[in-house]
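*Asks:* What follows is a single structure, and I will ask about it in a moment.
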Amino acid sequence: MNRAPNPRMQRTPSAPLMRKPLGGQTVSVATVALLATALSVLAQDSPAVLSLRLESPVQVRVGQPFGIRFTVTNEGKSGVYFKQPWKWASNGMRIVATGPDGSIHESSVALFDIEAKYRCTYFKPLGPADSFTFQVFLGSAAPGPALSLSPGRYRLRWVYEPKIYPDEKSCTAAGWPIWSVHVESPAVDLDVVE
């Protein structure tokens, strides 16, 4: 015998929900997880891109030390470690000055004595859009680099291409590499006067 539904009883919406196949939401979650994994792999495959900026005084006197600010920015889509150099040389970092006559002058070689226990503090993690700024004084005082220039107008640029040693990989995390590719900053003008 069929009975008519009692209009005074409240009906729950659970019955219509059961009409969807079980596991429907699981497919959605699995799809989202697969997409997130794919995006993560793509981000890891996208290289980091470092850009360098150099800031110096407009004018300095011959033989006087002067400070330069260095800024490195990661403009890529994946993370990278910037090795703040303690080695000023062709396989580290250097300042290159082009004179008014086209002559090339480079900062002197300088090696900072870094204790092994502090080594990893010189590796700066740079995620996408991260920047790091530091300052160095160029002069004749040890142990820093020097840049000897006679009077004239020079174009300064920062050249960075660090050498990476196998034991330095212990300073990294998250699978981020240490930057070791040649990169240069745009040039800035410097007037050297008597």
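Please note that chains go A, B, ... in the order of the structure tokens, that every chain numbers its residues from 1, and that ligands are numbered from 1 in the order shown.
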What are the closest atom pairs, with distances in Å to one decimal, for each residue of range 151-179 of chain A lying within 7 Å of range 90-95 of chain A, using only C-alpha atoms, rows by chain and rising residue number, as a Markdown table?
*Replies:*
```
| residue | atom | partner | partner_atom | distance |
| --- | --- | --- | --- | --- |
| A:Leu156 | CA | A:Ile95 | CA | 6.7 |
| A:Arg157 | CA | A:Ile95 | CA | 5.8 |
| A:Trp158 | CA | A:Ile95 | CA | 4.9 |
| A:Val159 | CA | A:Arg94 | CA | 5.4 |
| A:Tyr160 | CA | A:Met93 | CA | 4.5 |
| A:Glu161 | CA | A:Gly92 | CA | 5.3 |
| A:Pro162 | CA | A:Gly92 | CA | 4.1 |
| A:Lys163 | CA | A:Asn91 | CA | 5.6 |
```
*Asks:* Go ahead and compute the interatomic distance for CA of Leu126 in chain A and CA of Ser185 in chain A, in Å to one decimal.
*Replies:*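 About the pair CA of Leu126 in chain A and CA of Ser185 in chain A: they are 17.4 Å apart.
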*Asks:* Between A:Ile104, A:Ile178, A:Val109, A:Val188, which has the minimum distance to Pro57 in chain A (counting only C-alpha atoms)?
*Replies:*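 Using only C-alpha atoms, Pro57 in chain A sits closest to A:Val188.
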*Asks:* Closest to Ala89 in chain A among A:Trp176, A:Phe132, A:Phe112, A:Phe70, using only C-alpha atoms?
*Replies:*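 Checking each candidate against Ala89 in chain A, we get A:Phe112 as the closest.
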*Asks:* Excluding Gly102 in chain A and its own-chain neighbours fewer than 2 positions away, which residues fall within 12 Å of it when counting only C-alpha atoms? Please give them as a count of residues only.
*Replies:* 11
*Asks:* Given only C-alpha atoms as the basis, pick out the residue of A:Pro166, A:Pro47, A:Pro151, A:Pro177 nearest to Gln59 in chain A.
*Replies:*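 So, comparing all the options, the nearest one is A:Pro151.
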*Asks:* Can you tell me which residues surround Gly139 in chain A at a distance of at most 9 Å, considering only C-alpha atoms, apart from same-chain residues fewer than 5 positions away, and format the answer as a ChimeraX atom specification?
*Replies:* /A:63-67,144-148
*Asks:* How would the residues just chosen look if you wrote them out with C-alpha atoms as a PDB file, in the first residue's frame?
*Replies:*
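What ended up in out-v4.pdb:
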```pdb
ATOM      1  CA  GLY A  63      93.368  57.501  -4.944  1.00  0.00           C
ATOM      2  CA  GLN A  64      90.414  57.978  -2.574  1.00  0.00           C
ATOM      3  CA  PRO A  65      88.391  54.884  -1.588  1.00  0.00           C
ATOM      4  CA  PHE A  66      84.724  54.990  -2.516  1.00  0.00           C
ATOM      5  CA  GLY A  67      81.684  52.853  -1.818  1.00  0.00           C
ATOM      6  CA  GLY A 144      89.270  44.616  -0.105  1.00  0.00           C
ATOM      7  CA  PRO A 145      89.630  45.165  -3.835  1.00  0.00           C
ATOM      8  CA  ALA A 146      91.087  48.343  -5.311  1.00  0.00           C
ATOM      9  CA  LEU A 147      90.363  50.163  -8.545  1.00  0.00           C
ATOM     10  CA  SER A 148      93.142  52.530  -9.638  1.00  0.00           C
TER      11      SER A 148
END
```
*Asks:* Quick one: DSSP strand (DSSP E or B) residues in range 140-194 of chain A, as a PyMOL selection string?
*Replies:* chain A and resi 152-160+178+183-184+188-193
*Asks:* Which of these residues is nearest to Val192 in chain A, using only C-alpha atoms: A:Arg69, A:Ser108, A:Gly175, A:Ser150?
*Replies:*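 The answer is A:Ser150, which sits nearest to Val192 in chain A.
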